[in-house]
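K.L.:
Dumping the structure here so I can ask a few things about it.
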Protein chains: 2
Amino acid sequence: MGIFYVITGTRKYLDLQLFKGGYVNRVPDRPIIESLLDIDFYKLTMLQMIFHLHKNVPVNFSFLNRTKAVRLGDVIDHGQLREELEHCQTLRFRYEEIEYLREIKRSDNSPMFSSDFLLFLEDFRLPDFYLGIPNEGQLNLHFGGAWSRSTLWETLSMSIVNELYNRHLTSDFSRVFLDAVEGQGRINLARKVFAIQLQEQVTFSDFGTRRRFSREWQDYVVGVLTEEFPRNQFLGTSNVFLAKKYGVKPIGTNAHELPMAYTGIYFKEDEKDPTYSQKQVPVDWENEYGLDLSIFLPDTFGTDWFLRKVVTERQLLGWKGSRQDSADPLSYAEKWIKKYESFEIDPMNKLIVFADGLVCEKIVEISHKLEGRIGCSFGWGTDLTNDMGFDPISIVTKVTHANGYPVAKLSDNIEKATGPIEAVERMKSLVGYTNTFSEACKV
Amino acid sequence: MGIFYVITGTRKYLDLQLFKGGYVNRVPDRPIIESLLDIDFYKLTMLQMIFHLHKNVPVNFSFLNRTKAVRLGDVIDHGQLREELEHCQTLRFRYEEIEYLREIKRSDNSPMFSSDFLLFLEDFRLPDFYLGIPNEGQLNLHFGGAWSRSTLWETLSMSIVNELYNRHLTSDFSRVFLDAVEGQGRINLARKVFAIQLQEQVTFSDFGTRRRFSREWQDYVVGVLTEEFPRNQFLGTSNVFLAKKYGVKPIGTNAHELPMAYTGIYFKEDEKDPTYSQKQVPVDWENEYGLDLSIFLPDTFGTDWFLRKVVTERQLLGWKGSRQDSADPLSYAEKWIKKYESFEIDPMNKLIVFADGLVCEKIVEISHKLEGRIGCSFGWGTDLTNDMGFDPISIVTKVTHANGYPVAKLSDNIEKATGPIEAVERMKSLVGYTNTFSEACKV
């Protein structure tokens with residue numbers, strides 16, 4: 001009994017496996033998703049542009065578990081999963097939710113969301129999902145339909161699967177052991193709050209909706225952060241429901257979904273260079289939002305290629321910054337500093353939003369190493385909202401087809417590539433992908 | 001930030017000192033004591049005998065903090081302490097509480113408490129306390145009056161002081177750090193539950209009322225134990241209120257208070273040998289309860305002296321066992337095994353209740369070492385109800401005078417001796433105290 005904690009690196013976890021064999025199952029009897037605002041803000045900002053430009057383009061999404069060792073298809077009850085997904089389909093944006101969105105302003109004080117878009121949301125309902133028999137122990141879960149409808153399944157499906165998986169992990173825990181899990185979560189959170197309170201240079205947002213331990217837990221975490229930090233350090237949460245509940249800023253811009261789908265929308269059989277479709281993404285985005293949400297997401301087909309071929313000088317000058325989502329964050333920063341400096345732009349006037357598998361220590365390290373060199377902010381996800389002592393799983397719900405064509409993303413870490421293999425290979429060849437960085441995804 | 005936990009031996013604690021400087025003070029607005037049953041059961045069993053034999057003997061109690069480094073007089077607000085104590089004086093035994101006591105039976109199914117005693121309880125109120133200005137930073141808190149009234153202050157005063165001290169420790173913690181403290185408590189409790197579930201030979205009771213972290217926390221702990229253990233392993237709690245609430249057995253027999261006070265009651269100026277007064281304690285006890293609560297507490301003036309001079313062969317044969325409360329538990333057990341065997345009594349038919357600063361690992365060790373040699377049970381106190389990551393303080397409320405004379409206890413660990421110095425020295429000389437075991441009291 002001496003070794004009660006499992007020590008992983010510098011972190012100490014309860015060995016929760018010791019606790020198997022309790023009596024009580026604390027599965028709540030409320031649905032996991034009870035509001036269509038319980039999604040990432042970027043889903044809505046993207047959706048508005050999709051609604052204005054591509055609302056009827058057919059786009060398919062598939063759920064993917066990169067943690068193959070965890071056979072989600074075996075451990076998640078299909079009946080429960082179906083029930084949760086079907087419940088989402090019954091949800092509508094409520095009146096006060098639409099009104100909340102109507103009040104969100106741009107920097108020029110005009111509304112972020114247009115009236116036609118809000119009218120569209122009033123009638124919004126989620127399209128059907130396809131839940132097939134598991135494939136090699138993994139969930140066989142897909143979403144199709146018009147892009148302006150299928151897109152909202154992304155974070156909803158991830159939040160649901162993650163919470164069902166976490167319930168499975170504790171399904172035979174009795175009360176005191178469930179309480180110990182929550183206790184470990186509280187201690188880990190307190191540790192982080194304390195660590196970041198000592199780092200005034202760190203500004204961060206909660207990006208943990210999709211991989212949260214549970215809805216209740218993310219709610220607690222965001223509540224604590226609003227209490228512990230000033231608003232110029234804890235900037236807000238990507239979760240629109242919680243941003244509304246706690247009166248903090250909803251945070252988010254856009255995702256790989258846009259550049260990926262655009263390769264399908266502007267598909268040419270004899271394509272030699274997909275630059276056109278990729279240049280169109282920031283152009284359309286700026287047309288929709290001006291420079292308010294001007295954060296590049298450059299790694300869809302490799303950041304090197306994006307910097308060389310896609311981004312323009314005018315955009316480099318005007319856009320606020322970029323989001324880092326794969327490979328080494330410090331090398332990524334160096335690339336951007338070099339690029340900005342080659343155009344005589346002061347990187348200190350530009351921002352990088354780091355958002356790739358951050359843990360507290362990494363945030364502190366990056367913020368110190370880049371202090372005085374380029375603006376930094378942090379989108380803190382899994383480590384913030386799913387650190388209860390269990391190993392999280394690495395799941396995504398990604399576009400697989402758009403406009404009838406298979407689409408892919410490559411990313412700066414080839415382990416994060418998603419999409420049908422033919423699309424991955426096609427894009428690698430088209431962009432001359434030579435990146436060799438490869439690291440298994442933990443979250 | 002690497003070292004976040006302070007590692008004490010094999011146990012890992014949150015370094016709670018790191019967390020100073022929060023915003024919220026979570027001091028509850030309910031009194032600490034809300035029922036006169038929120039005491040140890042032995043107070044009532046002793047009180048009945050006191051009521052029948054010595055109800056008007058004047059007996060004084062004093063609060064004592066053995067952890068001198070903690071200046072309780074400085075850190076506990078006197079106004080708050082006074083308010084809590086005065087609130088206790090407003091309490092009366094409620095009708096359903098008296099009825100609960102009326103239903104407690106002896107082994108022959110007759111009532112444990114007689115009607116005259118229950119009538120006395122119906123009118124019971126706590127006598128005055130004396131709270132003076134602190135002395136060398138320590139609380140100056142005393143209780144006097146007829147023994148049958150002053151006695152109930154013992155555990156009440158300890159529960160109150162302990163909870164006020166623990167509130168002081170967290171007085172400037174904000175919510176997330178208070179939650180982390182509770183989280184650490186939950187994890188430590190879960191760890192113990194799991195450890196003892198693997199040790200079916202261990203039977204134990206909660207003895208943690210007087211040194212609990214808080215009333216709410218002891219309530220949680222006892223609730224968990226009733227869920228996690230069968231009634232023949234978790235035998236019950238010393239806390240009468242919680243025994244009633246959770247439907248488990250109230251556990252307790254008698255305390256040093258009896259042999260100590262008896263030295264005052266049977267005081268002789270020219271005493272050469274206090275054996276008479278000490279022999280009278282088990283005689284009076286057996287007259288009151290027969291053999292139902294026949295647990296010796298032999299260490300008041302040294303277990304060696306008790307075994308040599310006080311206990312009779314008839315008592316050794318008839319009484320169920322003894323309680324160990326000081327010095328080394330295994331040496332104590334050897335003394336009793338030897339004593340029983342010298343009278344050809346099988347020690348396996350006798351019991352030792354270990355109740356001196358137990359921690360989980362010690363319980364497991366003792367139970368293994370004595371398996372097959374003598375019956376064992378464990379009265380688990382501070383480590384069970386006050387293990388939240390803070391160092392507990394070692395406090396007692398002890399008899400100082402009885403019948404107008406100063407009285408003392410020596411115990412098998414001279415560090416646990418209490419009472420006016422003249423009484424300690426007198427008793428040492430009278431019993432020929434030669435014990436040299438000395439170990440600072442942690443709890």
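Labels used: A, B, ... for chains in the order of the structure tokens, numbers from 1 for residues in each chain, and numbers from 1 for ligands as shown.
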Excluding Val281 of chain B and its own-chain neighbours fewer than 6 positions away, which residues fall within 9 Å of it when counting only C-alpha atoms? Please give them as an MDAnalysis selection string.

P.N.:
chainID B and resid 258:259 262

K.L.:
Distance limit 6 Å, atoms considered: only C-alpha atoms. Which chain A residues sit that close to chain B? Return them as number ranges by chain.

P.N.:
A: 176-177, 180, 183, 186-187, 190

K.L.:
Considering only C-alpha atoms, can you say which of B:Pro274, B:Gly302, B:Gly432, B:Gly145 comes closest to Ala327 of chain B?

P.N.:
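Looking only at the distances to Ala327 of chain B, the closest residue turns out to be B:Gly302.
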
K.L.:
Would you work out the distance separating atom CA of Leu101 of chain B from atom CA of Pro282 of chain B, expressed in Å to one decimal?

P.N.:
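Between atom CA of Leu101 of chain B and atom CA of Pro282 of chain B the gap is 23.3 Å.
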
K.L.:
Using only C-alpha atoms, which protein or nucleic acid residues come within 12 Å of Asn135 of chain B? Drop anything in the same chain fewer than 5 positions from it, and give the result as JSON, numbers by chain.

P.N.:
{"B": [63, 64, 65, 68, 71, 72, 73, 74, 140, 141]}

K.L.:
Could you work out how far atom CA of Ile393 of chain A lies from atom CA of His168 of chain A, giving the answer in Å with one decimal?

P.N.:
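If I compute the distance from atom CA of His168 of chain A to atom CA of Ile393 of chain A, I get 12.9 Å.
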
K.L.:
Quick one: DSSP alpha helix (DSSP H) residues in segment 136-258 of chain A, as JSON, numbers by chain?

P.N.:
{"A": [147, 148, 149, 150, 153, 154, 155, 156, 157, 158, 159, 160, 161, 162, 163, 164, 165, 166, 167, 168, 169, 175, 176, 177, 178, 179, 180, 181, 182, 183, 184, 185, 186, 187, 188, 189, 190, 191, 192, 193, 194, 195, 196, 197, 215, 216, 217, 218, 219, 220, 221, 222, 223, 224, 225, 226, 227, 228, 240, 241, 242, 243, 244, 245, 246, 257, 258]}

K.L.:
So which residues touch Phe267 of chain B within 10 Å, counting only C-alpha atoms, skipping near sequence neighbours fewer than 6 positions away, as a compact mmCIF listing (two decimals) with N, CA and C atoms, in the first residue's frame?

P.N.:
```txt
# COMPACT_ATOMS: atom_id res chain seq x y z
N ALA B 261 -10.52 11.83 38.61
CA ALA B 261 -11.40 12.46 39.59
C ALA B 261 -11.45 11.65 40.89
N PRO B 274 -2.35 5.10 46.38
CA PRO B 274 -3.69 5.47 45.88
C PRO B 274 -4.45 4.29 45.29
N SER B 277 -8.50 4.18 45.61
CA SER B 277 -9.33 4.97 44.69
C SER B 277 -9.36 4.33 43.30
N ALA B 402 -10.67 17.88 41.44
CA ALA B 402 -11.90 17.17 41.79
C ALA B 402 -12.03 17.19 43.30
N ASN B 403 -13.23 17.50 43.73
CA ASN B 403 -13.48 17.53 45.18
C ASN B 403 -12.55 18.51 45.88
N GLY B 404 -12.09 19.52 45.14
CA GLY B 404 -11.23 20.54 45.73
C GLY B 404 -9.74 20.23 45.67
N TYR B 405 -9.37 19.09 45.18
CA TYR B 405 -7.95 18.72 45.14
C TYR B 405 -7.44 18.69 43.69
N PRO B 406 -6.18 19.07 43.51
CA PRO B 406 -5.61 18.97 42.17
C PRO B 406 -5.45 17.49 41.79
N VAL B 407 -5.77 17.17 40.55
CA VAL B 407 -5.65 15.78 40.10
C VAL B 407 -4.88 15.74 38.79
```
